[in-house]
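Note: the block below is data19.txt and it holds compact mmCIF, C-alpha atoms and all ligand atoms.
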# COMPACT_ATOMS: atom_id res chain seq x y z
CA MET W 5 25.09 -4.28 -0.34
CA ASP W 6 24.91 -0.49 -0.22
CA GLN W 7 22.25 1.33 1.80
CA ILE W 8 19.83 1.82 -1.10
CA THR W 9 20.06 -1.75 -2.32
CA GLN W 10 19.31 -3.01 1.15
CA VAL W 11 16.17 -0.91 1.54
CA THR W 12 14.84 -1.52 -1.97
CA HIS W 13 15.43 -5.26 -1.67
CA ILE W 14 13.61 -5.89 1.57
CA ASP W 15 11.70 -9.17 1.34
CA ASN W 16 8.65 -7.83 3.09
CA VAL W 17 6.45 -10.70 1.88
CA LYS W 18 7.41 -14.07 0.41
CA LEU W 19 6.68 -17.78 0.57
CA THR W 20 8.63 -20.12 2.81
CA GLU W 21 10.98 -22.46 0.96
CA ASP W 22 8.49 -25.35 1.11
CA LYS W 23 5.74 -22.92 -0.04
CA LYS W 24 3.49 -23.96 2.83
CA ALA W 25 3.36 -20.57 4.57
CA VAL W 26 3.74 -16.84 3.92
CA VAL W 27 6.63 -15.06 5.63
CA PHE W 28 6.36 -11.35 6.21
CA ILE W 29 7.90 -8.51 8.17
CA ASP W 30 5.65 -7.49 11.04
CA GLN W 31 5.40 -3.81 10.16
CA THR W 32 3.82 -2.97 13.53
CA GLN W 33 7.15 -3.66 15.25
CA LEU W 34 9.27 -1.40 13.06
CA PRO W 35 11.47 0.55 13.46
CA ASN W 36 12.48 -0.96 16.81
CA ARG W 37 12.50 -4.63 15.86
CA THR W 38 12.68 -6.43 12.52
CA VAL W 39 10.56 -9.47 13.18
CA TYR W 40 9.54 -11.97 10.51
CA LEU W 41 6.27 -13.82 11.09
CA THR W 42 4.77 -16.76 9.23
CA ALA W 43 1.10 -17.38 8.48
CA ASP W 44 -0.43 -20.59 7.21
CA THR W 45 -4.00 -20.44 8.52
CA GLU W 46 -6.86 -18.29 7.33
CA GLU W 47 -7.15 -16.68 10.78
CA ASP W 48 -3.46 -15.70 10.84
CA CYS W 49 -3.63 -14.29 7.32
CA PHE W 50 -6.77 -12.30 8.15
CA ASP W 51 -5.22 -11.05 11.37
CA ALA W 52 -2.00 -9.98 9.61
CA ILE W 53 -3.97 -7.70 7.27
CA LEU W 54 -6.47 -6.43 9.87
CA LYS W 55 -3.76 -5.55 12.41
CA LEU W 56 -1.56 -3.90 9.74
CA LYS W 57 1.28 -6.36 10.21
CA VAL W 58 1.19 -6.31 6.43
CA ARG W 59 -0.04 -3.01 5.13
CA GLY W 60 0.14 -0.66 2.17
CA ALA W 61 -2.24 -1.35 -0.72
CA PRO W 62 0.09 -3.26 -3.10
CA CYS W 63 1.69 -5.22 -0.26
CA ILE W 64 -1.73 -6.33 0.96
CA GLY W 65 -2.56 -7.58 -2.56
CA ILE W 66 0.72 -9.48 -2.84
CA PHE W 67 0.22 -11.01 0.58
CA ALA W 68 -3.35 -12.06 -0.27
CA GLY W 69 -2.17 -13.84 -3.43
CA TYR W 70 0.44 -15.82 -1.50
CA ALA W 71 -2.02 -16.49 1.33
CA MET W 72 -4.62 -18.03 -1.00
CA TYR W 73 -1.98 -20.27 -2.55
CA VAL W 74 -0.84 -21.45 0.88
CA LEU W 75 -4.38 -22.05 2.11
CA CYS W 76 -5.66 -23.90 -0.94
CA GLN W 77 -2.85 -26.48 -0.77
CA LYS W 78 -4.53 -27.84 2.35
CA TYR W 79 -7.59 -29.07 0.44
CA GLN W 80 -6.06 -29.90 -2.91
CA ASP W 81 -7.13 -33.55 -2.56
CA LYS W 82 -10.81 -32.58 -2.73
CA PRO W 83 -12.89 -32.89 -5.89
CA TYR W 84 -13.17 -29.70 -7.97
CA ALA W 85 -16.60 -28.57 -6.68
CA GLU W 86 -15.55 -28.82 -3.04
CA PHE W 87 -12.17 -27.26 -3.75
CA ALA W 88 -13.78 -24.31 -5.57
CA ALA W 89 -16.39 -23.78 -2.84
CA GLU W 90 -13.79 -23.78 -0.07
CA TYR W 91 -11.54 -21.53 -2.13
CA LYS W 92 -14.35 -18.97 -2.59
CA ARG W 93 -15.20 -19.02 1.11
CA GLN W 94 -11.62 -18.33 2.19
CA SER W 95 -11.15 -15.68 -0.46
CA ALA W 96 -14.30 -13.84 0.69
CA TYR W 97 -13.11 -14.10 4.29
CA LEU W 98 -9.72 -12.53 3.51
CA ASN W 99 -11.43 -9.87 1.41
CA SER W 100 -13.46 -8.78 4.44
CA SER W 101 -10.33 -7.92 6.44
CA ARG W 102 -10.01 -4.33 5.13
CA PRO W 103 -12.34 -2.54 2.71
CA THR W 104 -10.57 0.49 1.23
CA ALA W 105 -7.45 -0.69 -0.63
CA VAL W 106 -8.70 -2.17 -3.89
CA ASN W 107 -5.50 -4.18 -4.33
CA LEU W 108 -6.85 -6.74 -1.89
CA SER W 109 -9.98 -7.59 -3.88
CA TRP W 110 -8.07 -7.11 -7.13
CA ALA W 111 -5.51 -9.80 -6.22
CA LEU W 112 -8.13 -12.14 -4.78
CA LYS W 113 -10.31 -11.84 -7.91
CA ARG W 114 -7.32 -12.46 -10.12
CA MET W 115 -6.50 -15.66 -8.26
CA GLU W 116 -10.15 -16.76 -8.11
CA LYS W 117 -10.56 -16.33 -11.86
CA ILE W 118 -8.06 -19.15 -12.31
CA VAL W 119 -10.15 -21.46 -10.14
CA GLU W 120 -13.35 -20.49 -11.94
CA GLU W 121 -11.87 -21.05 -15.39
CA SER W 122 -10.32 -24.42 -14.54
CA SER W 123 -13.30 -26.67 -13.81
CA GLU W 124 -11.99 -29.21 -16.33
CA VAL W 125 -8.44 -29.19 -14.94
CA PRO W 126 -7.21 -31.58 -12.19
CA VAL W 127 -7.17 -29.76 -8.85
CA GLY W 128 -3.44 -30.38 -8.37
CA GLU W 129 -2.75 -28.47 -11.59
CA ILE W 130 -5.03 -25.63 -10.51
CA VAL W 131 -2.97 -25.29 -7.35
CA GLU W 132 0.20 -25.16 -9.43
CA LYS W 133 -1.33 -22.43 -11.59
CA LEU W 134 -2.26 -20.49 -8.47
CA GLY W 135 1.33 -20.84 -7.29
CA ARG W 136 2.55 -19.25 -10.52
CA GLU W 137 -0.09 -16.51 -10.40
CA CYS W 138 0.80 -15.24 -6.93
CA VAL W 139 4.45 -15.02 -7.92
CA ALA W 140 3.41 -13.15 -11.09
CA ILE W 141 1.40 -10.64 -9.02
CA HIS W 142 4.51 -9.97 -6.95
CA GLU W 143 6.89 -9.75 -9.91
CA GLU W 144 4.56 -7.43 -11.80
CA ASP W 145 4.41 -5.14 -8.78
CA ILE W 146 8.21 -4.95 -8.70
CA ALA W 147 8.23 -3.91 -12.37
CA MET W 148 5.37 -1.42 -11.91
CA CYS W 149 7.07 0.23 -8.93
CA ARG W 150 10.22 0.66 -10.98
CA LYS W 151 8.34 2.34 -13.86
CA ILE W 152 6.37 4.56 -11.44
CA SER W 153 9.66 5.62 -9.85
CA GLU W 154 11.07 6.57 -13.26
CA TYR W 155 8.01 8.64 -14.20
CA GLY W 156 7.92 10.21 -10.74
CA LEU W 157 11.59 11.15 -10.96
CA SER W 158 10.91 13.07 -14.18
CA LEU W 159 8.70 15.44 -12.14
CA ILE W 160 11.39 16.65 -9.73
CA LYS W 161 14.90 18.05 -9.87
CA GLU W 162 18.04 17.96 -7.78
CA GLY W 163 17.60 19.59 -4.39
CA ASP W 164 13.79 19.67 -4.44
CA GLY W 165 11.83 19.31 -1.23
CA ILE W 166 9.14 16.63 -1.32
CA LEU W 167 6.41 16.19 1.25
CA THR W 168 4.94 12.72 1.69
CA HIS W 169 2.18 11.32 3.89
CA CYS W 170 1.90 7.81 5.36
CA ASN W 171 4.17 5.17 3.83
CA ALA W 172 4.31 4.24 0.18
CA GLY W 173 7.83 2.85 0.11
CA PRO W 174 9.33 -0.64 -0.22
CA LEU W 175 7.53 -1.99 2.86
CA ALA W 176 4.13 -1.01 1.45
CA THR W 177 4.85 -2.44 -1.99
CA SER W 178 7.87 -4.23 -3.38
CA ARG W 179 11.39 -2.95 -4.06
CA TYR W 180 11.26 0.82 -4.85
CA GLY W 181 7.76 1.59 -3.66
CA THR W 182 5.49 4.13 -5.31
CA ALA W 183 5.47 7.61 -3.74
CA LEU W 184 8.98 7.10 -2.32
CA GLY W 185 10.28 5.35 -5.43
CA PRO W 186 11.50 8.52 -7.20
CA MET W 187 13.63 9.40 -4.19
CA PHE W 188 15.23 5.95 -4.03
CA LEU W 189 15.83 5.90 -7.76
CA GLY W 190 17.13 9.48 -7.73
CA LYS W 191 19.53 8.66 -4.92
CA GLU W 192 20.85 5.69 -6.94
CA LYS W 193 21.57 8.13 -9.75
CA GLY W 194 23.41 10.49 -7.38
CA MET W 195 20.59 13.01 -6.97
CA ASN W 196 19.65 14.52 -3.63
CA PHE W 197 16.24 15.53 -2.36
CA ARG W 198 14.95 16.78 0.95
CA VAL W 199 11.99 14.71 2.04
CA PHE W 200 9.54 15.83 4.70
CA ALA W 201 7.63 12.89 6.14
CA ASP W 202 4.36 13.51 7.93
CA GLU W 203 4.29 11.31 11.03
CA THR W 204 0.74 10.18 10.03
CA ARG W 205 -1.47 9.97 13.08
CA PRO W 206 -2.78 7.77 14.55
CA LEU W 207 -0.72 4.75 13.48
CA LEU W 208 2.44 6.67 12.64
CA GLN W 209 3.31 4.95 9.37
CA GLY W 210 5.26 8.09 8.37
CA ALA W 211 7.33 8.14 11.55
CA ARG W 212 7.78 4.41 11.98
CA LEU W 213 8.21 3.34 8.35
CA THR W 214 8.81 6.21 5.92
CA SER W 215 11.48 7.99 7.93
CA TYR W 216 13.03 4.58 8.67
CA GLU W 217 13.24 3.57 5.01
CA LEU W 218 14.60 6.92 3.83
CA GLN W 219 17.07 7.31 6.67
CA LYS W 220 18.41 3.78 6.10
CA ALA W 221 18.89 4.61 2.42
CA GLY W 222 20.89 7.73 3.28
CA ILE W 223 18.21 10.09 1.93
CA ASP W 224 17.78 13.47 3.64
CA VAL W 225 14.53 13.00 5.56
CA THR W 226 12.93 15.28 8.14
CA LEU W 227 10.09 13.95 10.23
CA ILE W 228 7.28 16.39 11.01
CA CYS W 229 3.97 16.11 12.84
CA ASP W 230 0.99 16.19 10.51
CA ASN W 231 0.03 19.69 11.66
CA MET W 232 3.42 21.06 10.57
CA ALA W 233 2.84 20.54 6.85
CA SER W 234 1.56 24.08 6.44
CA ILE W 235 4.62 25.76 7.94
CA VAL W 236 7.11 23.77 5.83
CA MET W 237 5.10 24.66 2.72
CA ARG W 238 4.97 28.31 3.72
CA ASN W 239 8.73 28.26 4.35
CA GLY W 240 9.17 27.40 0.67
CA TRP W 241 10.73 24.03 1.46
CA ILE W 242 8.29 21.92 -0.57
CA GLN W 243 8.28 21.77 -4.37
CA ALA W 244 5.95 18.78 -4.72
CA CYS W 245 3.81 16.43 -2.64
CA PHE W 246 4.09 12.73 -3.49
CA VAL W 247 1.55 10.43 -1.86
CA GLY W 248 0.39 6.89 -2.38
CA CYS W 249 -3.17 5.68 -2.92
CA ASP W 250 -5.43 2.85 -1.86
CA ARG W 251 -8.09 3.22 -4.53
CA ILE W 252 -8.26 5.60 -7.47
CA ALA W 253 -11.76 6.14 -8.83
CA ALA W 254 -12.53 6.56 -12.54
CA ASN W 255 -12.77 10.37 -12.18
CA GLY W 256 -9.37 10.65 -10.43
CA ASP W 257 -10.66 11.02 -6.86
CA PHE W 258 -8.53 8.80 -4.67
CA ALA W 259 -8.48 7.35 -1.18
CA ASN W 260 -5.25 7.39 0.77
CA LYS W 261 -4.27 7.47 4.43
CA ILE W 262 -6.32 9.83 6.56
CA GLY W 263 -4.87 13.32 6.30
CA THR W 264 -3.93 13.14 2.63
CA SER W 265 -6.82 15.37 1.56
CA GLY W 266 -5.71 17.98 4.10
CA VAL W 267 -2.21 17.94 2.63
CA ALA W 268 -3.68 18.46 -0.86
CA ILE W 269 -5.87 21.35 0.29
CA LEU W 270 -2.87 23.05 1.92
CA ALA W 271 -0.74 22.46 -1.15
CA LYS W 272 -3.33 24.15 -3.34
CA HIS W 273 -3.16 27.21 -1.07
CA TYR W 274 0.61 27.39 -1.49
CA GLY W 275 0.59 26.53 -5.22
CA ILE W 276 2.46 23.23 -4.77
CA PRO W 277 1.63 20.34 -7.13
CA VAL W 278 0.27 17.14 -5.61
CA TYR W 279 0.81 13.78 -7.29
CA THR W 280 -0.50 10.42 -6.30
CA LEU W 281 1.66 7.51 -7.41
CA GLY W 282 0.18 4.05 -7.76
CA PRO W 283 0.11 0.92 -9.94
CA SER W 284 -2.82 -0.05 -12.16
CA SER W 285 -3.83 -2.58 -9.49
CA THR W 286 -4.90 0.44 -7.39
CA ILE W 287 -7.08 1.93 -10.14
CA ASP W 288 -10.72 0.95 -9.83
CA MET W 289 -12.45 1.91 -13.07
CA ASN W 290 -15.67 0.37 -11.69
CA CYS W 291 -15.75 3.01 -8.99
CA PRO W 292 -17.09 6.24 -10.54
CA ASP W 293 -15.89 8.70 -7.89
CA GLY W 294 -14.72 9.15 -4.31
CA GLU W 295 -18.27 9.04 -2.97
CA HIS W 296 -18.31 5.35 -3.82
CA ILE W 297 -15.14 4.45 -1.92
CA GLU W 298 -15.77 2.67 1.36
CA ILE W 299 -13.72 4.21 4.15
CA GLU W 300 -12.46 1.84 6.82
CA LEU W 301 -13.28 2.81 10.41
CA ARG W 302 -10.86 1.50 13.01
CA ASP W 303 -10.67 0.93 16.75
CA PRO W 304 -10.87 4.22 18.75
CA ASN W 305 -8.10 2.93 21.02
CA GLU W 306 -5.66 3.52 18.19
CA ILE W 307 -6.21 7.21 18.92
CA LYS W 308 -6.49 7.05 22.70
CA GLU W 309 -4.05 4.39 23.81
CA LYS W 310 -1.78 2.93 21.20
CA PHE W 311 1.79 4.25 21.37
CA TYR W 312 1.17 5.97 24.72
CA ALA W 313 2.60 4.80 28.04
CA GLU W 314 -0.85 5.47 29.50
CA PRO W 315 -4.18 6.45 27.90
CA MET W 316 -4.21 10.08 26.79
CA ALA W 317 -7.98 10.48 26.84
CA LEU W 318 -10.73 9.27 29.12
CA LYS W 319 -11.91 5.76 28.28
CA GLU W 320 -15.46 7.01 27.75
CA VAL W 321 -14.49 9.74 25.26
CA LYS W 322 -15.95 9.14 21.82
CA CYS W 323 -13.50 8.93 18.91
CA TYR W 324 -13.93 8.96 15.18
CA ASN W 325 -11.11 6.99 13.58
CA PRO W 326 -11.40 6.80 9.78
CA ALA W 327 -8.29 5.16 8.32
CA PHE W 328 -8.51 6.95 4.96
CA ASP W 329 -9.92 10.02 3.32
CA VAL W 330 -10.73 10.91 -0.26
CA THR W 331 -8.80 13.60 -2.09
CA ASP W 332 -10.78 15.39 -4.76
CA HIS W 333 -9.29 15.01 -8.23
CA GLU W 334 -9.41 18.79 -8.67
CA LEU W 335 -6.58 19.07 -6.15
CA LEU W 336 -4.37 16.72 -8.11
CA ALA W 337 -1.71 17.67 -10.67
CA GLY W 338 -1.22 14.11 -11.89
CA ILE W 339 -1.55 10.40 -11.27
CA VAL W 340 1.75 8.60 -11.77
CA THR W 341 1.24 5.03 -12.96
CA GLU W 342 3.45 2.41 -14.58
CA LYS W 343 1.89 3.39 -17.92
CA GLY W 344 2.75 7.06 -17.61
CA ILE W 345 1.64 10.25 -15.89
CA VAL W 346 -2.08 10.82 -16.20
CA ARG W 347 -3.06 14.49 -16.32
CA PRO W 348 -6.48 16.17 -16.13
CA PRO W 349 -9.12 15.64 -17.35
CA PHE W 350 -8.66 12.44 -15.34
CA ASP W 351 -11.96 10.80 -16.31
CA VAL W 352 -11.02 11.01 -19.99
CA ASN W 353 -7.33 10.20 -19.62
CA LEU W 354 -7.72 7.35 -17.12
CA LYS W 355 -10.21 5.76 -19.49
CA LYS W 356 -7.74 6.02 -22.38
CA LEU W 357 -5.06 4.13 -20.44
CA PHE W 358 -7.08 1.85 -18.19
CA GLY W 359 -10.61 1.76 -19.61
O1 LIG W 401 -3.44 1.72 6.62
P1 LIG W 401 -2.26 1.52 5.71
O2 LIG W 401 -0.97 1.70 6.42
O3 LIG W 401 -2.35 0.24 4.94
O4 LIG W 401 -2.40 2.71 4.66
C1 LIG W 401 -1.46 2.79 3.63
C2 LIG W 401 -1.58 3.97 2.77
O5 LIG W 401 -2.48 4.78 2.90
C3 LIG W 401 -0.60 4.07 1.64
O6 LIG W 401 -0.33 5.39 1.32
C4 LIG W 401 -1.18 3.36 0.41
O7 LIG W 401 -1.61 2.07 0.74
C5 LIG W 401 -0.23 3.30 -0.71
S1 LIG W 401 1.07 2.15 -0.45
C6 LIG W 401 1.98 2.20 -1.88
Here is a file; write its structure as structure tokens.
Ligand code: MRU
Amino acid sequence: MDQITQVTHIDNVKLTEDKKAVVFIDQTQLPNRTVYLTADTEEDCFDAILKLKVRGAPCIGIFAGYAMYVLCQKYQDKPYAEFAAEYKRQSAYLNSSRPTAVNLSWALKRMEKIVEESSEVPVGEIVEKLGRECVAIHEEDIAMCRKISEYGLSLIKEGDGILTHCNAGPLATSRYGTALGPMFLGKEKGMNFRVFADETRPLLQGARLTSYELQKAGIDVTLICDNMASIVMRNGWIQACFVGCDRIAANGDFANKIGTSGVAILAKHYGIPVYTLGPSSTIDMNCPDGEHIEIELRDPNEIKEKFYAEPMALKEVKCYNPAFDVTDHELLAGIVTEKGIVRPPFDVNLKKLFG
């Protein structure tokens, strides 16, 4: 396998051969160790999402689908009413692990719909249907990432400099990824880009995962600290910003990793177009605008202690640690989806494609 094929064929999430557990790469240990973990209890599945062992909006959705299939096999001998009640409880529990990425609730609802609509069906058959559905969620994501990569590639040309924030590559999705997909696809076609990856404080998804994926694929990547985005833009090195998304509201506002809105504000100053790239599973037409997106708040020790040999702030110092921010749709040149590139006015054009 060549470099690209290896990176874009990472099995970041899958079922074990006997389908009794989910296997996934522990993304918290990359790039130093590639460790596969298995989860077959609700606590382990919850913990994997909460602790970002599986992370990235589409990947979380795929994982949740597999997790529900694994969990519901344990009570498939129960009568329908008990099965459905237990299913709902576990689904709600997993859904409470992280609030911002809509792919989690999207995948869980999609699976739960099957249970709700199958009250006349033997429980064993419902479980089989759920098994097919979680695989379909994964396969559809692979296809959507490929289409997004094609549309994204049409926005850039040989030699362009692209700035990205956080990680929206194969590890966060499946195969090509979303915001990094055009670079992987372009490289396959013999094109070269210069990618600048924000390190992405505080959990360093850009440093640990994005620069890892691109470097392994032989793509020219330069890692920068988040506060260096302005200088690389001013230097004229950036022709476009490609970022992922965790929830796109009906008016085009979108939540993505904390710091994304700052990148977009800087890019506006320098006249650089900003695109968010994401599958329809990340579009929440029930959410009118960014004001309605719940922003996850995380443990302050991620800022003060994690990744440091010793704490770099006093224990008693207060921290504010939002995991995401909302980028205003007015800062956005386009939303790249598997159905095409959505341009302003986003409220009108998103409705046409996804209403
Ligand atoms: O907290 P994370 O690492 O799950 O945040 C991930 C992001 O913000 C990604 O950019 C987003 O989920 C898109 S992944 C295709």
Between W:Ile8, W:Ile339, W:Ala43, W:Ala176, single out the one closest to ligand LIG 401 (chain W), counting only C-alpha atoms and all ligand atoms. W:Ala176
So which one's closest to ligand LIG 401 (chain W), W:Ser285, W:Thr182, W:Ser234, W:Thr214? Using all atoms listed in the file, please. W:Thr182
Excluding Ile287 (chain W) and any residue of its chain fewer than 6 positions from it, enumerate the residues within 8 Å of it, using all atoms listed in the file, and give them as a compact mmCIF listing (two decimals) with C-alpha atoms, keeping the file's coordinate frame.
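Done, and the output landed in result_29.txt:
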# COMPACT_ATOMS: atom_id res chain seq x y z
CA VAL W 106 -8.70 -2.17 -3.89
CA ARG W 251 -8.09 3.22 -4.53
CA ILE W 252 -8.26 5.60 -7.47
CA ALA W 253 -11.76 6.14 -8.83
CA ALA W 254 -12.53 6.56 -12.54
Within 6 Å of ligand LIG 401 (chain W), counting all atoms listed in the file, which protein or nucleic acid residues do you find, written as a list in words?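 These are the residues that qualify: Arg59, Gly60, Ala61, Pro62, Cys170, Asn171, Ala172, Ala176, Thr177, Thr182, Gly248, Cys249, Asp250, Asn260 and Lys261 of chain W.
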Residues from the last selection, C-alpha atoms, saved as a PDB file, in the frame of the given file:
ATOM      1  CA  ARG W  59      -0.040  -3.010   5.130  1.00  0.00           C
ATOM      2  CA  GLY W  60       0.140  -0.660   2.170  1.00  0.00           C
ATOM      3  CA  ALA W  61      -2.240  -1.350  -0.720  1.00  0.00           C
ATOM      4  CA  PRO W  62       0.090  -3.260  -3.100  1.00  0.00           C
ATOM      5  CA  CYS W 170       1.900   7.810   5.360  1.00  0.00           C
ATOM      6  CA  ASN W 171       4.170   5.170   3.830  1.00  0.00           C
ATOM      7  CA  ALA W 172       4.310   4.240   0.180  1.00  0.00           C
ATOM      8  CA  ALA W 176       4.130  -1.010   1.450  1.00  0.00           C
ATOM      9  CA  THR W 177       4.850  -2.440  -1.990  1.00  0.00           C
ATOM     10  CA  THR W 182       5.490   4.130  -5.310  1.00  0.00           C
ATOM     11  CA  GLY W 248       0.390   6.890  -2.380  1.00  0.00           C
ATOM     12  CA  CYS W 249      -3.170   5.680  -2.920  1.00  0.00           C
ATOM     13  CA  ASP W 250      -5.430   2.850  -1.860  1.00  0.00           C
ATOM     14  CA  ASN W 260      -5.250   7.390   0.770  1.00  0.00           C
ATOM     15  CA  LYS W 261      -4.270   7.470   4.430  1.00  0.00           C
TER      16      LYS W 261
END
Out of W:Asn99, W:Thr38, W:Ser123, W:Thr12, which residue has the shortest atom-to-atom distance to Ile53 (chain W) when counting all atoms listed in the file?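 Among the listed residues, W:Asn99 lies closest to Ile53 (chain W).
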State, in Å with one decimal place, the distance from CA of Cys138 (chain W) to CA of Gly185 (chain W). 22.7 Å
Can you tell me, as JSON, numbers by chain, which residues sit within 10 Å of (-14.9, 10.1, -3.0) in the file's frame, using only C-alpha atoms? {"W": [251, 252, 253, 255, 256, 257, 258, 259, 291, 292, 293, 294, 295, 296, 297, 298, 299, 329, 330, 331, 332, 333]}
Enclose the full set of atoms of region 69-75 of chain W listed in the file within a box whose edges lie along x, y and z, apply 5 Å of padding to each of the six sides, and report centre and edge lengths in Å to one decimal as lines of an AutoDock Vina configuration file.
center_x = -2.1
center_y = -17.9
center_z = -0.7
size_x = 15.1
size_y = 18.2
size_z = 15.5
Using all atoms listed in the file, which residue out of W:Gln31, W:Phe200, W:Arg205, W:Phe188 lies closest to Gly222 (chain W)?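 Distance minimum relative to Gly222 (chain W) lands on W:Phe188.
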Could you jot down the CA of Leu167 (chain W) to CA of Phe246 (chain W) separation for me, Å, one decimal place?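 For CA of Leu167 (chain W) relative to CA of Phe246 (chain W), the distance reads 6.3 Å.
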As an exercise, work out the distance from CA of His142 (chain W) to CA of Asn16 (chain W) in Å and give it to one decimal place.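 Here the two named atoms are 11.1 Å from each other.
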Proximity to Lys193 (chain W) - best of W:Ile166, W:Lys161, W:Arg102, W:Leu218, only C-alpha atoms: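 Closest residue, counting only C-alpha atoms: W:Lys161.
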Using all atoms listed in the file, which residues sit within 9 Å of Leu19 (chain W) once same-chain residues fewer than 3 positions away are excluded, as a PyMOL selection string? chain W and resi 22-28+42+70-71+74
Could you pull the residues within 8 Å of region 269-281 of chain W, counting all atoms listed in the file, minus those fewer than 2 positions along the same chain, as a list of chain:residue names?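 Close residues of region 269-281 of chain W: W:Ile152, W:Gly156, W:Thr182, W:Ala183, W:Ala233, W:Ser234, W:Met237, W:Arg238, W:Ile242, W:Gln243, W:Ala244, W:Cys245, W:Phe246, W:Val247, W:Gly248, W:Cys249, W:Ser265, W:Gly266, W:Val267, W:Pro283, W:Leu335, W:Leu336, W:Ala337, W:Gly338, W:Ile339, W:Val340, W:Thr341.
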Residues near Tyr216 (chain W), cut-off 10 Å, only C-alpha atoms, skip fewer than 4 positions along chain, as number ranges by chain: W: 11, 34-36, 209-212, 220-221, 225, 227
For Tyr324 (chain W), work out the shell of residues within 9 Å, counting only C-alpha atoms and skipping chain neighbours fewer than 6 positions away, then give it as a list of chain:residue names.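 Here the qualifying residues turn out to be W:Leu301, W:Arg302, W:Asp303, W:Pro304, W:Ile307.
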Choose the residue, out of W:Ala317, W:Ile29, W:Cys76, W:Met232, that has the smallest atom-to-atom separation from Asp202 (chain W); count only C-alpha atoms.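 Nearest to Asp202 (chain W): W:Met232.
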Neighbourhood query: residues within 12 Å of (13.9, 7.4, -14.1), file coordinates, counting all atoms listed in the file; return as a list in words.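 The distance filter leaves exactly Cys149, Arg150, Lys151, Ile152, Ser153, Glu154, Tyr155, Gly156, Leu157, Ser158, Leu159, Ile160, Lys161, Tyr180, Gly185, Pro186, Met187, Phe188, Leu189, Gly190, Lys191, Glu192, Lys193, Met195, Glu342 and Gly344 of chain W.
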Can you give me N, CA, C and O atoms for region 116-126 of chain W, written as an mmCIF file, keeping the file's coordinate frame?
data_model
loop_
_atom_site.group_PDB
_atom_site.id
_atom_site.type_symbol
_atom_site.label_atom_id
_atom_site.label_comp_id
_atom_site.auth_asym_id
_atom_site.auth_seq_id
_atom_site.Cartn_x
_atom_site.Cartn_y
_atom_site.Cartn_z
ATOM 1 N N GLU W 116 -8.900 -15.974 -8.052
ATOM 2 C CA GLU W 116 -10.150 -16.760 -8.110
ATOM 3 C C GLU W 116 -10.561 -17.058 -9.551
ATOM 4 O O GLU W 116 -11.154 -18.102 -9.835
ATOM 5 N N LYS W 117 -10.223 -16.143 -10.438
ATOM 6 C CA LYS W 117 -10.560 -16.330 -11.860
ATOM 7 C C LYS W 117 -9.932 -17.639 -12.364
ATOM 8 O O LYS W 117 -10.533 -18.375 -13.146
ATOM 9 N N ILE W 118 -8.739 -17.923 -11.882
ATOM 10 C CA ILE W 118 -8.060 -19.150 -12.310
ATOM 11 C C ILE W 118 -8.860 -20.376 -11.872
ATOM 12 O O ILE W 118 -9.052 -21.318 -12.640
ATOM 13 N N VAL W 119 -9.345 -20.328 -10.651
ATOM 14 C CA VAL W 119 -10.150 -21.460 -10.140
ATOM 15 C C VAL W 119 -11.421 -21.596 -10.977
ATOM 16 O O VAL W 119 -11.783 -22.690 -11.409
ATOM 17 N N GLU W 120 -12.072 -20.458 -11.202
ATOM 18 C CA GLU W 120 -13.350 -20.490 -11.940
ATOM 19 C C GLU W 120 -13.179 -21.025 -13.358
ATOM 20 O O GLU W 120 -14.036 -21.727 -13.886
ATOM 21 N N GLU W 121 -12.052 -20.673 -13.981
ATOM 22 C CA GLU W 121 -11.870 -21.050 -15.390
ATOM 23 C C GLU W 121 -11.260 -22.439 -15.551
ATOM 24 O O GLU W 121 -10.958 -22.856 -16.663
ATOM 25 N N SER W 122 -11.051 -23.156 -14.435
ATOM 26 C CA SER W 122 -10.320 -24.420 -14.540
ATOM 27 C C SER W 122 -11.146 -25.626 -14.109
ATOM 28 O O SER W 122 -10.586 -26.614 -13.622
ATOM 29 N N SER W 123 -12.456 -25.568 -14.309
ATOM 30 C CA SER W 123 -13.300 -26.670 -13.810
ATOM 31 C C SER W 123 -12.955 -28.011 -14.466
ATOM 32 O O SER W 123 -13.218 -29.069 -13.905
ATOM 33 N N GLU W 124 -12.327 -27.959 -15.646
ATOM 34 C CA GLU W 124 -11.990 -29.210 -16.330
ATOM 35 C C GLU W 124 -10.566 -29.696 -15.990
ATOM 36 O O GLU W 124 -10.119 -30.731 -16.474
ATOM 37 N N VAL W 125 -9.865 -28.912 -15.203
ATOM 38 C CA VAL W 125 -8.440 -29.190 -14.940
ATOM 39 C C VAL W 125 -8.314 -29.932 -13.606
ATOM 40 O O VAL W 125 -9.028 -29.603 -12.652
ATOM 41 N N PRO W 126 -7.408 -30.932 -13.494
ATOM 42 C CA PRO W 126 -7.210 -31.580 -12.190
ATOM 43 C C PRO W 126 -6.827 -30.559 -11.112
ATOM 44 O O PRO W 126 -6.065 -29.623 -11.394
#
